[in-house]
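Reading through the structure tokens given below for one structure.
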Amino acid sequence: MTKLHAFTVYYVKKARNHRWRCSDVTFWCVDEHLCNQWIQALKELLEMQKSRPKQLLVYINPYGGKRQGKRIYEQKVAPLFSLASISTDVVITEHANHAKDNLFEVNIYKYDGVVCVGGDGMFSEVMHGLIGRIQKDSGIDQNNPKASLVQCNIRIGIIPAGSTDCICYSTVGISDPVTSALHIIVGDCQPLDVSSVHHNNMFLKYSVSLLGYGFYGDILKDSEKKRWMGPMRYDYSGFKTFLSHHYYEGTIAYQPAKHTLGSPRDKDSCRTGCYICKKSEQQLAEQHKDCGLKHEEGEEEWKVIKGKFLAINAVNMSCACPRSPKGLSPAAHLADGSADLILVRKCSRFDFLRYLVRHTNQDDQFDFPFVDVYRVKSFQFTSKLSEDNESNVMDIGKKRFGQFCRDHPACCCNIVNSTWNCDGETLDSSAIEVRVHCQLMKLFARGIEENCKDEAAYSQNSAEQLL
Ligand SMILES: CCCCCCCCCCCCC/C=C/[C@@H](O)[C@H](COP(=O)(O)O)NC(=O)CCCCC
Ligand SMILES: Nc1ncnc2c1ncn2[C@@H]1O[C@H](COP(=O)(O)OP(=O)(O)O)[C@@H](O)[C@H]1O
Ligand SMILES: [Ca+2]
């Protein structure tokens, strides 16, 4: 009998709904020399793909979402990394801020990327560690709201194992650990806008997805006490917050994003290879070339809006997630240097419910007289309460009354502050200054791909990426 020689090629197979799977094909050959030539040629081809990571630093939050992070990583992700010859240093976090603090201590420059296994909160922690570390190493003071921050070129990979997983869903199109692991292995790169949040020249946080005051801030504050419920806590607190129907009075000042081509009411969404984000990338490169001539932001116009709001949401991306597959702002861009500022004014409970329901169907959620949306590059918010406090017109009795009303479910009074929800973390201050930093960081992702039209297209694409 003739002796057969063989080698197996592992590759990415694209399935429905942006899901990727690892598949394999084995080649048989009678000629051993020919077989080895094939193996050598394939290895050389893979070696030429410089964007593929070889060494990764992995942080796992064992308590995120349904507490499955460790199992998901060990069973679904680690075997794929090992198949792709990626070496890893794995840290299972022991407390909040473990990953962030660790990123200030380790030699991050020896890694091709950092992977976080968890939800948006865990991603936020890793992002703060990386961006903070790069600024520290570059001598940039994060407390200066006008500082030009240094871009972070170490990519972050997200293995979704949290409660909302909006950043993963909005950049990949699905919350699926295997799909995300494969995007990391093939070395995808998706730049991402990051907003910096300051209060009185003091750095508070960075945000990449939702910065929400009012409705989403109140949901988060209430849901933190119910962490034991897992992802369901958001449904419980969402329902409770909807019933409480609190509105908040305040002033917003914003600078429109004039540099970008799109608008929040566009019908087209940001997709892989988005030309609007590419244009912003070119503008950024030009700005870096002649940084001395950079337009001073302070000189550009500010628009001011005062009012009573049920929700103030600033989103750097669509914020699509399994709860709302089109997101809070379906036409927001991942990397155009702008955020969409959504103002939901005081309205009836019924109208607010109609607004919320439109996040789950095809109808336009901005087509309401009480909803306004602006594409901005920076904004500031001051609540009526802090304005009053500053001008000393607030007496202690009024403050006490505020506390009383907040705890009273039937009362929608407006003399207490809400909390800012910053990518799932609460902020201590209600008065904030926000500035969008175009493409400050990068993810192992490629944005959401246009849907394949038919089965033939699936099989055509399937052999595209070898592992
Ligand atoms: C009548 C049905 C109405 C349903 C409306 C649903 C609209 C949902 C929009 C959700 C936007 C989510 C934006 C992302 C926020 C996350 O950063 C944050 C933290 O995530 P994680 O760390 O993974 O827990 N999640 C939230 O703030 C939860 C919002 C829940 C809203 C119900
Ligand atoms: N070992 C740990 N124990 C407690 N909290 C942690 C731990 N590791 C990370 N965290 C914190 O948990 C928070 C939520 O994590 P995340 O993974 O986003 O889960 P979820 O999506 O369920 O909120 C993050 O802000 C992170 O700082
Ligand atoms: Ca953006």
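In the structure tokens, chains take the letters A, B, ... in the order shown, each chain's residues start at 1, and ligands count up from 1 in the order shown.
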Nearby residues (only C-alpha atoms) at most 10 Å from Asp364 in chain A, same-chain spacing under 5 positions excluded, as a PyMOL selection string: chain A and resi 265+267+329-330+355+358-359
Could those selected residues go to a file with N, CA and C atoms, as a short mmCIF file (atom, residue, chain, number, x, y, z; two decimals), in the first residue's frame?
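Below is the file that was written, result07.cif:
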```cif
data_model
loop_
_atom_site.label_atom_id
_atom_site.label_comp_id
_atom_site.auth_asym_id
_atom_site.auth_seq_id
_atom_site.Cartn_x
_atom_site.Cartn_y
_atom_site.Cartn_z
N ARG A 265 -28.90 61.30 11.56
CA ARG A 265 -30.16 60.86 10.93
C ARG A 265 -29.90 60.10 9.63
N LYS A 267 -29.30 57.23 6.91
CA LYS A 267 -29.90 55.88 6.83
C LYS A 267 -28.81 54.79 6.85
N SER A 329 -27.98 54.94 18.79
CA SER A 329 -27.85 55.85 17.65
C SER A 329 -27.33 55.05 16.46
N PRO A 330 -28.25 54.49 15.66
CA PRO A 330 -27.86 53.51 14.64
C PRO A 330 -26.83 54.02 13.62
N TYR A 355 -40.72 55.75 22.63
CA TYR A 355 -39.32 56.02 22.26
C TYR A 355 -38.44 54.78 22.52
N ARG A 358 -38.89 51.83 20.11
CA ARG A 358 -38.29 52.02 18.78
C ARG A 358 -36.81 51.59 18.72
N HIS A 359 -36.20 51.34 19.90
CA HIS A 359 -34.83 50.83 19.88
C HIS A 359 -34.82 49.35 19.49
#
```
Test item: residues at most 9 Å from Gly238 in chain A, only C-alpha atoms, excluding those fewer than 2 positions along its chain, as a list in words: Phe215, Tyr216, Asp218, Ile219, Leu220, Asp222, Ser223, Arg233, Tyr234, Asp235, Tyr236, Lys240, Thr241, Phe242 and Leu243 of chain A
Residues within 7 Å of ligand 1 (only C-alpha atoms and all ligand atoms), as a PDB file with N, CA, C and O atoms, in the first residue's frame?
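That gives us result_30.pdb:
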```pdb
ATOM      1  N   GLY A  65     -21.015  39.251  34.074  1.00  0.00           N
ATOM      2  CA  GLY A  65     -22.180  38.609  33.440  1.00  0.00           C
ATOM      3  C   GLY A  65     -22.722  37.453  34.249  1.00  0.00           C
ATOM      4  O   GLY A  65     -23.078  37.591  35.410  1.00  0.00           O
ATOM      5  N   GLY A 119     -17.389  42.044  30.508  1.00  0.00           N
ATOM      6  CA  GLY A 119     -18.348  42.942  29.870  1.00  0.00           C
ATOM      7  C   GLY A 119     -17.755  44.305  29.564  1.00  0.00           C
ATOM      8  O   GLY A 119     -16.528  44.465  29.540  1.00  0.00           O
ATOM      9  N   ASP A 120     -18.646  45.276  29.363  1.00  0.00           N
ATOM     10  CA  ASP A 120     -18.196  46.630  29.016  1.00  0.00           C
ATOM     11  C   ASP A 120     -17.403  47.258  30.163  1.00  0.00           C
ATOM     12  O   ASP A 120     -16.464  48.019  29.930  1.00  0.00           O
ATOM     13  N   GLY A 121     -17.777  46.938  31.404  1.00  0.00           N
ATOM     14  CA  GLY A 121     -17.081  47.477  32.561  1.00  0.00           C
ATOM     15  C   GLY A 121     -15.650  46.975  32.608  1.00  0.00           C
ATOM     16  O   GLY A 121     -14.713  47.723  32.909  1.00  0.00           O
ATOM     17  N   MET A 122     -15.469  45.716  32.302  1.00  0.00           N
ATOM     18  CA  MET A 122     -14.130  45.119  32.297  1.00  0.00           C
ATOM     19  C   MET A 122     -13.300  45.712  31.157  1.00  0.00           C
ATOM     20  O   MET A 122     -12.110  46.016  31.320  1.00  0.00           O
ATOM     21  N   GLY A 162     -19.975  39.403  29.581  1.00  0.00           N
ATOM     22  CA  GLY A 162     -20.537  40.363  30.523  1.00  0.00           C
ATOM     23  C   GLY A 162     -22.053  40.406  30.436  1.00  0.00           C
ATOM     24  O   GLY A 162     -22.677  39.473  29.941  1.00  0.00           O
ATOM     25  N   SER A 163     -22.626  41.524  30.887  1.00  0.00           N
ATOM     26  CA  SER A 163     -24.079  41.627  30.941  1.00  0.00           C
ATOM     27  C   SER A 163     -24.663  42.309  29.706  1.00  0.00           C
ATOM     28  O   SER A 163     -25.731  41.934  29.230  1.00  0.00           O
ATOM     29  N   THR A 164     -23.983  43.326  29.182  1.00  0.00           N
ATOM     30  CA  THR A 164     -24.520  44.047  28.014  1.00  0.00           C
ATOM     31  C   THR A 164     -23.682  43.753  26.770  1.00  0.00           C
ATOM     32  O   THR A 164     -24.219  43.541  25.691  1.00  0.00           O
ATOM     33  N   ASP A 165     -22.366  43.759  26.934  1.00  0.00           N
ATOM     34  CA  ASP A 165     -21.439  43.462  25.841  1.00  0.00           C
ATOM     35  C   ASP A 165     -21.694  44.328  24.609  1.00  0.00           C
ATOM     36  O   ASP A 165     -21.614  43.864  23.466  1.00  0.00           O
ATOM     37  N   CYS A 166     -21.998  45.594  24.870  1.00  0.00           N
ATOM     38  CA  CYS A 166     -22.349  46.482  23.764  1.00  0.00           C
ATOM     39  C   CYS A 166     -21.131  46.818  22.894  1.00  0.00           C
ATOM     40  O   CYS A 166     -21.256  46.929  21.678  1.00  0.00           O
ATOM     41  N   SER A 209     -18.518  53.867  24.768  1.00  0.00           N
ATOM     42  CA  SER A 209     -19.870  53.524  24.309  1.00  0.00           C
ATOM     43  C   SER A 209     -20.860  54.551  24.822  1.00  0.00           C
ATOM     44  O   SER A 209     -21.025  55.606  24.233  1.00  0.00           O
ATOM     45  N   LEU A 210     -21.496  54.283  25.952  1.00  0.00           N
ATOM     46  CA  LEU A 210     -22.559  55.183  26.423  1.00  0.00           C
ATOM     47  C   LEU A 210     -22.119  56.019  27.610  1.00  0.00           C
ATOM     48  O   LEU A 210     -21.595  55.495  28.597  1.00  0.00           O
ATOM     49  N   TYR A 216     -30.434  56.122  31.891  1.00  0.00           N
ATOM     50  CA  TYR A 216     -29.429  55.050  31.958  1.00  0.00           C
ATOM     51  C   TYR A 216     -28.520  55.174  33.185  1.00  0.00           C
ATOM     52  O   TYR A 216     -28.000  54.176  33.680  1.00  0.00           O
ATOM     53  N   ILE A 219     -30.696  53.666  35.986  1.00  0.00           N
ATOM     54  CA  ILE A 219     -30.735  52.193  35.867  1.00  0.00           C
ATOM     55  C   ILE A 219     -29.454  51.615  36.462  1.00  0.00           C
ATOM     56  O   ILE A 219     -29.479  50.695  37.277  1.00  0.00           O
ATOM     57  N   LEU A 220     -28.327  52.200  36.067  1.00  0.00           N
ATOM     58  CA  LEU A 220     -27.042  51.645  36.526  1.00  0.00           C
ATOM     59  C   LEU A 220     -26.925  51.727  38.044  1.00  0.00           C
ATOM     60  O   LEU A 220     -26.541  50.748  38.697  1.00  0.00           O
ATOM     61  N   TYR A 234     -30.495  44.487  34.900  1.00  0.00           N
ATOM     62  CA  TYR A 234     -30.803  45.643  34.058  1.00  0.00           C
ATOM     63  C   TYR A 234     -32.288  45.668  33.678  1.00  0.00           C
ATOM     64  O   TYR A 234     -32.875  46.733  33.537  1.00  0.00           O
ATOM     65  N   ASP A 235     -32.898  44.494  33.494  1.00  0.00           N
ATOM     66  CA  ASP A 235     -34.332  44.451  33.164  1.00  0.00           C
ATOM     67  C   ASP A 235     -35.150  44.915  34.372  1.00  0.00           C
ATOM     68  O   ASP A 235     -36.078  45.706  34.249  1.00  0.00           O
ATOM     69  N   GLY A 238     -34.382  48.550  34.943  1.00  0.00           N
ATOM     70  CA  GLY A 238     -34.921  49.286  33.799  1.00  0.00           C
ATOM     71  C   GLY A 238     -36.401  49.532  33.974  1.00  0.00           C
ATOM     72  O   GLY A 238     -36.906  50.641  33.780  1.00  0.00           O
ATOM     73  N   CYS A 319     -23.917  51.702  19.946  1.00  0.00           N
ATOM     74  CA  CYS A 319     -24.359  51.054  21.202  1.00  0.00           C
ATOM     75  C   CYS A 319     -25.368  49.939  20.909  1.00  0.00           C
ATOM     76  O   CYS A 319     -26.296  49.692  21.701  1.00  0.00           O
ATOM     77  N   ALA A 320     -25.187  49.290  19.777  1.00  0.00           N
ATOM     78  CA  ALA A 320     -26.009  48.113  19.480  1.00  0.00           C
ATOM     79  C   ALA A 320     -25.628  47.007  20.452  1.00  0.00           C
ATOM     80  O   ALA A 320     -24.460  46.887  20.845  1.00  0.00           O
ATOM     81  N   CYS A 321     -26.601  46.235  20.870  1.00  0.00           N
ATOM     82  CA  CYS A 321     -26.358  45.121  21.794  1.00  0.00           C
ATOM     83  C   CYS A 321     -27.529  44.149  21.625  1.00  0.00           C
ATOM     84  O   CYS A 321     -28.498  44.474  20.943  1.00  0.00           O
ATOM     85  N   ARG A 323     -29.954  43.504  23.377  1.00  0.00           N
ATOM     86  CA  ARG A 323     -31.233  44.118  23.775  1.00  0.00           C
ATOM     87  C   ARG A 323     -31.771  45.070  22.712  1.00  0.00           C
ATOM     88  O   ARG A 323     -32.963  45.286  22.593  1.00  0.00           O
ATOM     89  N   SER A 324     -30.853  45.698  21.984  1.00  0.00           N
ATOM     90  CA  SER A 324     -31.240  46.666  20.956  1.00  0.00           C
ATOM     91  C   SER A 324     -30.284  46.521  19.778  1.00  0.00           C
ATOM     92  O   SER A 324     -29.249  47.185  19.723  1.00  0.00           O
ATOM     93  N   GLY A 327     -29.221  49.748  18.252  1.00  0.00           N
ATOM     94  CA  GLY A 327     -28.530  50.625  19.191  1.00  0.00           C
ATOM     95  C   GLY A 327     -29.220  51.931  19.490  1.00  0.00           C
ATOM     96  O   GLY A 327     -30.302  52.218  18.996  1.00  0.00           O
ATOM     97  N   LEU A 328     -28.537  52.728  20.317  1.00  0.00           N
ATOM     98  CA  LEU A 328     -29.097  54.013  20.743  1.00  0.00           C
ATOM     99  C   LEU A 328     -29.009  55.049  19.631  1.00  0.00           C
ATOM    100  O   LEU A 328     -29.822  55.959  19.543  1.00  0.00           O
ATOM    101  N   LEU A 353     -42.144  55.410  26.550  1.00  0.00           N
ATOM    102  CA  LEU A 353     -42.191  53.974  26.220  1.00  0.00           C
ATOM    103  C   LEU A 353     -42.133  53.783  24.699  1.00  0.00           C
ATOM    104  O   LEU A 353     -41.412  52.920  24.186  1.00  0.00           O
ATOM    105  N   LEU A 356     -38.615  54.171  23.695  1.00  0.00           N
ATOM    106  CA  LEU A 356     -37.780  53.004  24.040  1.00  0.00           C
ATOM    107  C   LEU A 356     -38.051  51.832  23.097  1.00  0.00           C
ATOM    108  O   LEU A 356     -37.126  51.163  22.633  1.00  0.00           O
ATOM    109  N   VAL A 357     -39.343  51.612  22.815  1.00  0.00           N
ATOM    110  CA  VAL A 357     -39.704  50.464  21.969  1.00  0.00           C
ATOM    111  C   VAL A 357     -39.057  50.593  20.589  1.00  0.00           C
ATOM    112  O   VAL A 357     -38.644  49.602  19.982  1.00  0.00           O
ATOM    113  N   HIS A 359     -36.203  51.345  19.901  1.00  0.00           N
ATOM    114  CA  HIS A 359     -34.828  50.826  19.882  1.00  0.00           C
ATOM    115  C   HIS A 359     -34.821  49.354  19.485  1.00  0.00           C
ATOM    116  O   HIS A 359     -33.759  48.783  19.232  1.00  0.00           O
ATOM    117  N   THR A 360     -35.996  48.762  19.482  1.00  0.00           N
ATOM    118  CA  THR A 360     -36.052  47.317  19.224  1.00  0.00           C
ATOM    119  C   THR A 360     -36.722  47.002  17.886  1.00  0.00           C
ATOM    120  O   THR A 360     -36.836  45.838  17.523  1.00  0.00           O
ATOM    121  N   ASN A 421     -23.771  57.401  33.765  1.00  0.00           N
ATOM    122  CA  ASN A 421     -23.396  56.021  33.471  1.00  0.00           C
ATOM    123  C   ASN A 421     -22.313  56.086  32.398  1.00  0.00           C
ATOM    124  O   ASN A 421     -22.574  56.474  31.256  1.00  0.00           O
ATOM    125  N   CYS A 422     -21.076  55.760  32.772  1.00  0.00           N
ATOM    126  CA  CYS A 422     -19.963  55.874  31.829  1.00  0.00           C
ATOM    127  C   CYS A 422     -19.491  54.468  31.485  1.00  0.00           C
ATOM    128  O   CYS A 422     -18.761  53.849  32.273  1.00  0.00           O
ATOM    129  N   ASP A 423     -19.944  53.921  30.381  1.00  0.00           N
ATOM    130  CA  ASP A 423     -19.632  52.541  29.970  1.00  0.00           C
ATOM    131  C   ASP A 423     -19.895  51.550  31.102  1.00  0.00           C
ATOM    132  O   ASP A 423     -19.139  50.594  31.311  1.00  0.00           O
ATOM    133  N   GLY A 424     -20.939  51.803  31.874  1.00  0.00           N
ATOM    134  CA  GLY A 424     -21.311  50.862  32.931  1.00  0.00           C
ATOM    135  C   GLY A 424     -20.701  51.166  34.290  1.00  0.00           C
ATOM    136  O   GLY A 424     -20.875  50.400  35.222  1.00  0.00           O
TER     137      GLY A 424
END
```
Counting only C-alpha atoms, the residue of A:Glu425, A:Asp340, A:Asp351, A:Glu249 that sits nearest Gly307 in chain A: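 Smallest distance to Gly307 in chain A is found for A:Glu249.
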Within-6 Å residues of ligand 3, basis only C-alpha atoms and all ligand atoms, as a PyMOL selection string: chain A and resi 193+316-317+332-339
If you keep N, CA, C and O atoms, can you produce a file of those selected residues as a compact mmCIF listing (two decimals), in the first residue's frame?
```
# COMPACT_ATOMS: atom_id res chain seq x y z
N ASP A 193 -13.02 55.78 18.58
CA ASP A 193 -13.03 57.09 19.25
C ASP A 193 -13.17 56.89 20.75
O ASP A 193 -13.88 55.97 21.18
N ASN A 316 -20.43 57.21 21.47
CA ASN A 316 -19.33 57.26 20.50
C ASN A 316 -19.52 56.22 19.41
O ASN A 316 -18.77 56.20 18.45
N MET A 317 -20.45 55.31 19.62
CA MET A 317 -20.73 54.25 18.64
C MET A 317 -22.22 53.98 18.70
O MET A 317 -22.92 54.56 19.56
N ALA A 332 -24.32 56.17 14.26
CA ALA A 332 -23.07 56.68 14.88
C ALA A 332 -21.88 55.91 14.31
O ALA A 332 -22.01 54.74 13.93
N HIS A 333 -20.74 56.56 14.26
CA HIS A 333 -19.54 55.94 13.67
C HIS A 333 -18.51 55.57 14.73
O HIS A 333 -18.33 56.31 15.71
N LEU A 334 -17.82 54.47 14.48
CA LEU A 334 -16.84 53.96 15.44
C LEU A 334 -15.61 54.86 15.54
O LEU A 334 -15.00 54.95 16.60
N ALA A 335 -15.26 55.51 14.44
CA ALA A 335 -13.94 56.17 14.41
C ALA A 335 -13.95 57.47 13.60
O ALA A 335 -13.03 57.74 12.85
N ASP A 336 -15.02 58.27 13.75
CA ASP A 336 -15.10 59.52 12.97
C ASP A 336 -14.74 60.75 13.79
O ASP A 336 -14.86 61.88 13.32
N GLY A 337 -14.36 60.55 15.06
CA GLY A 337 -13.99 61.69 15.91
C GLY A 337 -15.18 62.46 16.43
O GLY A 337 -15.05 63.63 16.80
N SER A 338 -16.35 61.82 16.46
CA SER A 338 -17.53 62.53 16.98
C SER A 338 -18.38 61.59 17.83
O SER A 338 -18.23 60.37 17.77
N ALA A 339 -19.26 62.20 18.62
CA ALA A 339 -20.23 61.44 19.41
C ALA A 339 -21.62 61.95 19.05
O ALA A 339 -21.77 63.10 18.63
```
Backbone DSSP call of alpha helix (DSSP H) for range 49-219 of chain A, listed as number ranges by chain: A: 69-72, 78-83, 98-103, 120-137, 166-172, 177-185, 215-219
Separation of CA of Pro256 in chain A from CA of Asp388 in chain A in Å: 27.1 Å
Test item, strand (DSSP E) assignment across range 340-372 of chain A, answer as a PyMOL selection string: chain A and resi 340-345+371-372
Given only C-alpha atoms and all ligand atoms as the counted atoms, nearest of A:Ile86, A:Ala99, A:Leu443, A:Val344 to ligand 2: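 Looking at the shortest contact to ligand 2, the residue is A:Ala99.
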Selected residue, from A:Met127, A:Ile60, A:Ile167, A:Ile154, that lies nearest to Lys110 in chain A when counting only C-alpha atoms: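 Looking only at the distances to Lys110 in chain A, the closest residue turns out to be A:Ile154.
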List the neighbours of Thr251 in chain A out to 10 Å using only C-alpha atoms; skip same-chain residues closer than 2 positions along the sequence, and give me the result as an mmCIF file with N, CA, C and O atoms, in the first residue's frame.
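Printed below is selection30.cif as written:
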```cif
data_model
loop_
_atom_site.group_PDB
_atom_site.id
_atom_site.type_symbol
_atom_site.label_atom_id
_atom_site.label_comp_id
_atom_site.auth_asym_id
_atom_site.auth_seq_id
_atom_site.Cartn_x
_atom_site.Cartn_y
_atom_site.Cartn_z
ATOM 1 N N GLU A 249 -33.242 68.698 35.405
ATOM 2 C CA GLU A 249 -33.091 69.995 34.762
ATOM 3 C C GLU A 249 -31.608 70.338 34.645
ATOM 4 O O GLU A 249 -30.839 70.075 35.589
ATOM 5 N N ALA A 253 -23.994 72.507 26.817
ATOM 6 C CA ALA A 253 -23.340 73.329 25.796
ATOM 7 C C ALA A 253 -22.536 72.376 24.939
ATOM 8 O O ALA A 253 -21.858 71.493 25.469
ATOM 9 N N VAL A 304 -25.942 76.315 23.146
ATOM 10 C CA VAL A 304 -26.392 76.052 24.523
ATOM 11 C C VAL A 304 -27.879 75.667 24.546
ATOM 12 O O VAL A 304 -28.697 76.278 23.853
ATOM 13 N N ILE A 305 -28.183 74.623 25.292
ATOM 14 C CA ILE A 305 -29.577 74.168 25.425
ATOM 15 C C ILE A 305 -29.884 73.995 26.912
ATOM 16 O O ILE A 305 -29.148 73.302 27.616
ATOM 17 N N LYS A 306 -30.975 74.616 27.361
ATOM 18 C CA LYS A 306 -31.416 74.404 28.748
ATOM 19 C C LYS A 306 -32.705 73.613 28.696
ATOM 20 O O LYS A 306 -33.473 73.745 27.743
ATOM 21 N N GLY A 307 -32.962 72.806 29.701
ATOM 22 C CA GLY A 307 -34.245 72.099 29.658
ATOM 23 C C GLY A 307 -34.400 71.066 30.746
ATOM 24 O O GLY A 307 -33.563 70.946 31.648
ATOM 25 N N LYS A 308 -35.524 70.339 30.629
ATOM 26 C CA LYS A 308 -35.833 69.252 31.564
ATOM 27 C C LYS A 308 -35.742 67.959 30.763
ATOM 28 O O LYS A 308 -36.452 67.798 29.762
ATOM 29 N N PHE A 309 -34.863 67.067 31.201
ATOM 30 C CA PHE A 309 -34.566 65.882 30.387
ATOM 31 C C PHE A 309 -34.833 64.584 31.148
ATOM 32 O O PHE A 309 -34.479 64.464 32.316
ATOM 33 N N GLN A 380 -20.541 70.028 27.344
ATOM 34 C CA GLN A 380 -20.468 70.206 28.799
ATOM 35 C C GLN A 380 -21.880 70.098 29.343
ATOM 36 O O GLN A 380 -22.832 70.456 28.654
ATOM 37 N N PHE A 381 -22.000 69.604 30.557
ATOM 38 C CA PHE A 381 -23.317 69.540 31.185
ATOM 39 C C PHE A 381 -23.215 70.060 32.613
ATOM 40 O O PHE A 381 -22.274 69.738 33.330
ATOM 41 N N THR A 382 -24.184 70.870 32.986
ATOM 42 C CA THR A 382 -24.295 71.299 34.393
ATOM 43 C C THR A 382 -25.745 71.106 34.790
ATOM 44 O O THR A 382 -26.654 71.548 34.080
ATOM 45 N N SER A 383 -25.953 70.448 35.920
ATOM 46 C CA SER A 383 -27.335 70.260 36.359
ATOM 47 C C SER A 383 -27.818 71.547 37.016
ATOM 48 O O SER A 383 -27.021 72.334 37.526
ATOM 49 N N LYS A 384 -29.142 71.717 37.008
ATOM 50 C CA LYS A 384 -29.741 72.903 37.634
ATOM 51 C C LYS A 384 -29.320 72.955 39.093
ATOM 52 O O LYS A 384 -29.008 74.010 39.635
ATOM 53 N N GLU A 387 -25.879 74.281 39.463
ATOM 54 C CA GLU A 387 -25.887 75.726 39.158
ATOM 55 C C GLU A 387 -26.407 76.482 40.370
ATOM 56 O O GLU A 387 -25.844 77.476 40.801
ATOM 57 N N ALA A 431 -21.674 67.479 36.995
ATOM 58 C CA ALA A 431 -21.189 68.506 36.059
ATOM 59 C C ALA A 431 -19.932 67.970 35.371
ATOM 60 O O ALA A 431 -18.945 67.661 36.039
#
```
Atomic distance atom 23 (O, counted along the ligand's line) of ligand 2 - CA of Asn201 in chain A, expressed in Å with one decimal: 28.3 Å
d(CA of Gln439 in chain A, CA of Gln142 in chain A) in Å: 16.8 Å
Could you list, as a CSV table (one decimal) with N, CA, C and O atoms, in the first residue's frame, every residue within 12 Å of Glu74 in chain A, counting only C-alpha atoms and ignoring same-chain residues fewer than 2 positions away?
```csv
chain,number,residue,atom,x,y,z
A,58,VAL,N,-3.8,38.5,28.8
A,58,VAL,CA,-5.3,38.2,29.0
A,58,VAL,C,-5.7,38.5,30.4
A,58,VAL,O,-5.1,38.0,31.3
A,60,ILE,N,-9.1,38.1,32.8
A,60,ILE,CA,-10.4,37.4,32.9
A,60,ILE,C,-11.1,37.9,34.2
A,60,ILE,O,-10.6,37.8,35.3
A,62,PRO,N,-13.8,36.9,36.5
A,62,PRO,CA,-14.5,35.7,36.8
A,62,PRO,C,-16.0,36.0,37.3
A,62,PRO,O,-16.8,35.1,37.3
A,68,GLN,N,-19.3,33.3,33.9
A,68,GLN,CA,-18.8,32.2,33.0
A,68,GLN,C,-17.5,32.6,32.3
A,68,GLN,O,-17.0,31.8,31.5
A,69,GLY,N,-16.9,33.7,32.7
A,69,GLY,CA,-15.7,34.2,32.0
A,69,GLY,C,-14.5,33.2,31.9
A,69,GLY,O,-14.0,33.0,30.8
A,70,LYS,N,-14.2,32.6,33.1
A,70,LYS,CA,-13.1,31.6,33.1
A,70,LYS,C,-13.4,30.4,32.2
A,70,LYS,O,-12.6,30.0,31.5
A,71,ARG,N,-14.6,29.9,32.4
A,71,ARG,CA,-15.0,28.7,31.6
A,71,ARG,C,-15.0,29.0,30.1
A,71,ARG,O,-14.4,28.3,29.3
A,72,ILE,N,-15.5,30.2,29.7
A,72,ILE,CA,-15.6,30.5,28.3
A,72,ILE,C,-14.2,30.6,27.8
A,72,ILE,O,-13.9,30.1,26.7
A,76,LYS,N,-13.4,27.7,25.2
A,76,LYS,CA,-13.7,28.2,23.8
A,76,LYS,C,-12.5,28.9,23.2
A,76,LYS,O,-12.4,28.9,21.9
A,77,VAL,N,-11.8,29.7,24.0
A,77,VAL,CA,-10.8,30.6,23.4
A,77,VAL,C,-9.4,30.1,23.5
A,77,VAL,O,-8.7,30.1,22.4
A,78,ALA,N,-8.9,29.6,24.6
A,78,ALA,CA,-7.6,29.1,24.8
A,78,ALA,C,-7.2,28.1,23.7
A,78,ALA,O,-6.1,28.1,23.2
A,79,PRO,N,-8.1,27.1,23.4
A,79,PRO,CA,-7.7,26.1,22.4
A,79,PRO,C,-7.4,26.7,21.0
A,79,PRO,O,-6.5,26.3,20.3
A,80,LEU,N,-8.2,27.8,20.7
A,80,LEU,CA,-8.0,28.4,19.4
A,80,LEU,C,-6.7,29.2,19.4
A,80,LEU,O,-5.9,29.2,18.4
A,81,PHE,N,-6.4,29.9,20.5
A,81,PHE,CA,-5.1,30.6,20.6
A,81,PHE,C,-3.9,29.7,20.4
A,81,PHE,O,-3.0,29.9,19.8
A,82,SER,N,-4.1,28.5,21.1
A,82,SER,CA,-2.9,27.6,21.0
A,82,SER,C,-2.8,27.0,19.6
A,82,SER,O,-1.7,26.8,19.1
A,90,VAL,N,-1.9,34.9,31.4
A,90,VAL,CA,-3.3,35.0,31.8
A,90,VAL,C,-3.4,35.5,33.2
A,90,VAL,O,-2.8,34.9,34.1
A,92,ILE,N,-6.3,36.2,36.2
A,92,ILE,CA,-7.7,36.1,36.6
A,92,ILE,C,-7.8,37.2,37.7
A,92,ILE,O,-7.2,37.1,38.7
A,117,VAL,N,-11.6,39.5,29.1
A,117,VAL,CA,-12.8,38.5,29.1
A,117,VAL,C,-13.7,39.0,30.1
A,117,VAL,O,-13.5,39.0,31.3
A,159,ILE,N,-13.4,39.4,24.6
A,159,ILE,CA,-14.1,38.2,24.6
A,159,ILE,C,-15.3,38.4,25.5
A,159,ILE,O,-15.3,38.6,26.7
A,177,PRO,N,-18.0,34.5,21.9
A,177,PRO,CA,-16.6,34.4,22.2
A,177,PRO,C,-15.8,33.8,21.1
A,177,PRO,O,-14.6,34.3,20.9
A,178,VAL,N,-16.3,32.8,20.4
A,178,VAL,CA,-15.4,32.2,19.3
A,178,VAL,C,-15.2,33.2,18.2
A,178,VAL,O,-14.1,33.3,17.7
A,181,ALA,N,-12.6,35.6,19.3
A,181,ALA,CA,-11.3,35.0,19.4
A,181,ALA,C,-10.7,34.9,18.0
A,181,ALA,O,-9.5,35.2,17.8
```
A:Arg16, A:Lys377, A:His128, A:Arg155 ranked by distance to ligand 2, top pick (using only C-alpha atoms and all ligand atoms):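 Selected residue with least distance to ligand 2: A:His128.
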Top pick for closest residue to ligand 2, considering A:Pro264, A:Pro160, A:Gly217, A:Gly132 and counting only C-alpha atoms and all ligand atoms: A:Pro160
Closest of A:His198, A:Lys66, A:Lys303, A:Lys54 to ligand 2 - atom-to-atom distances counting only C-alpha atoms and all ligand atoms: A:Lys66
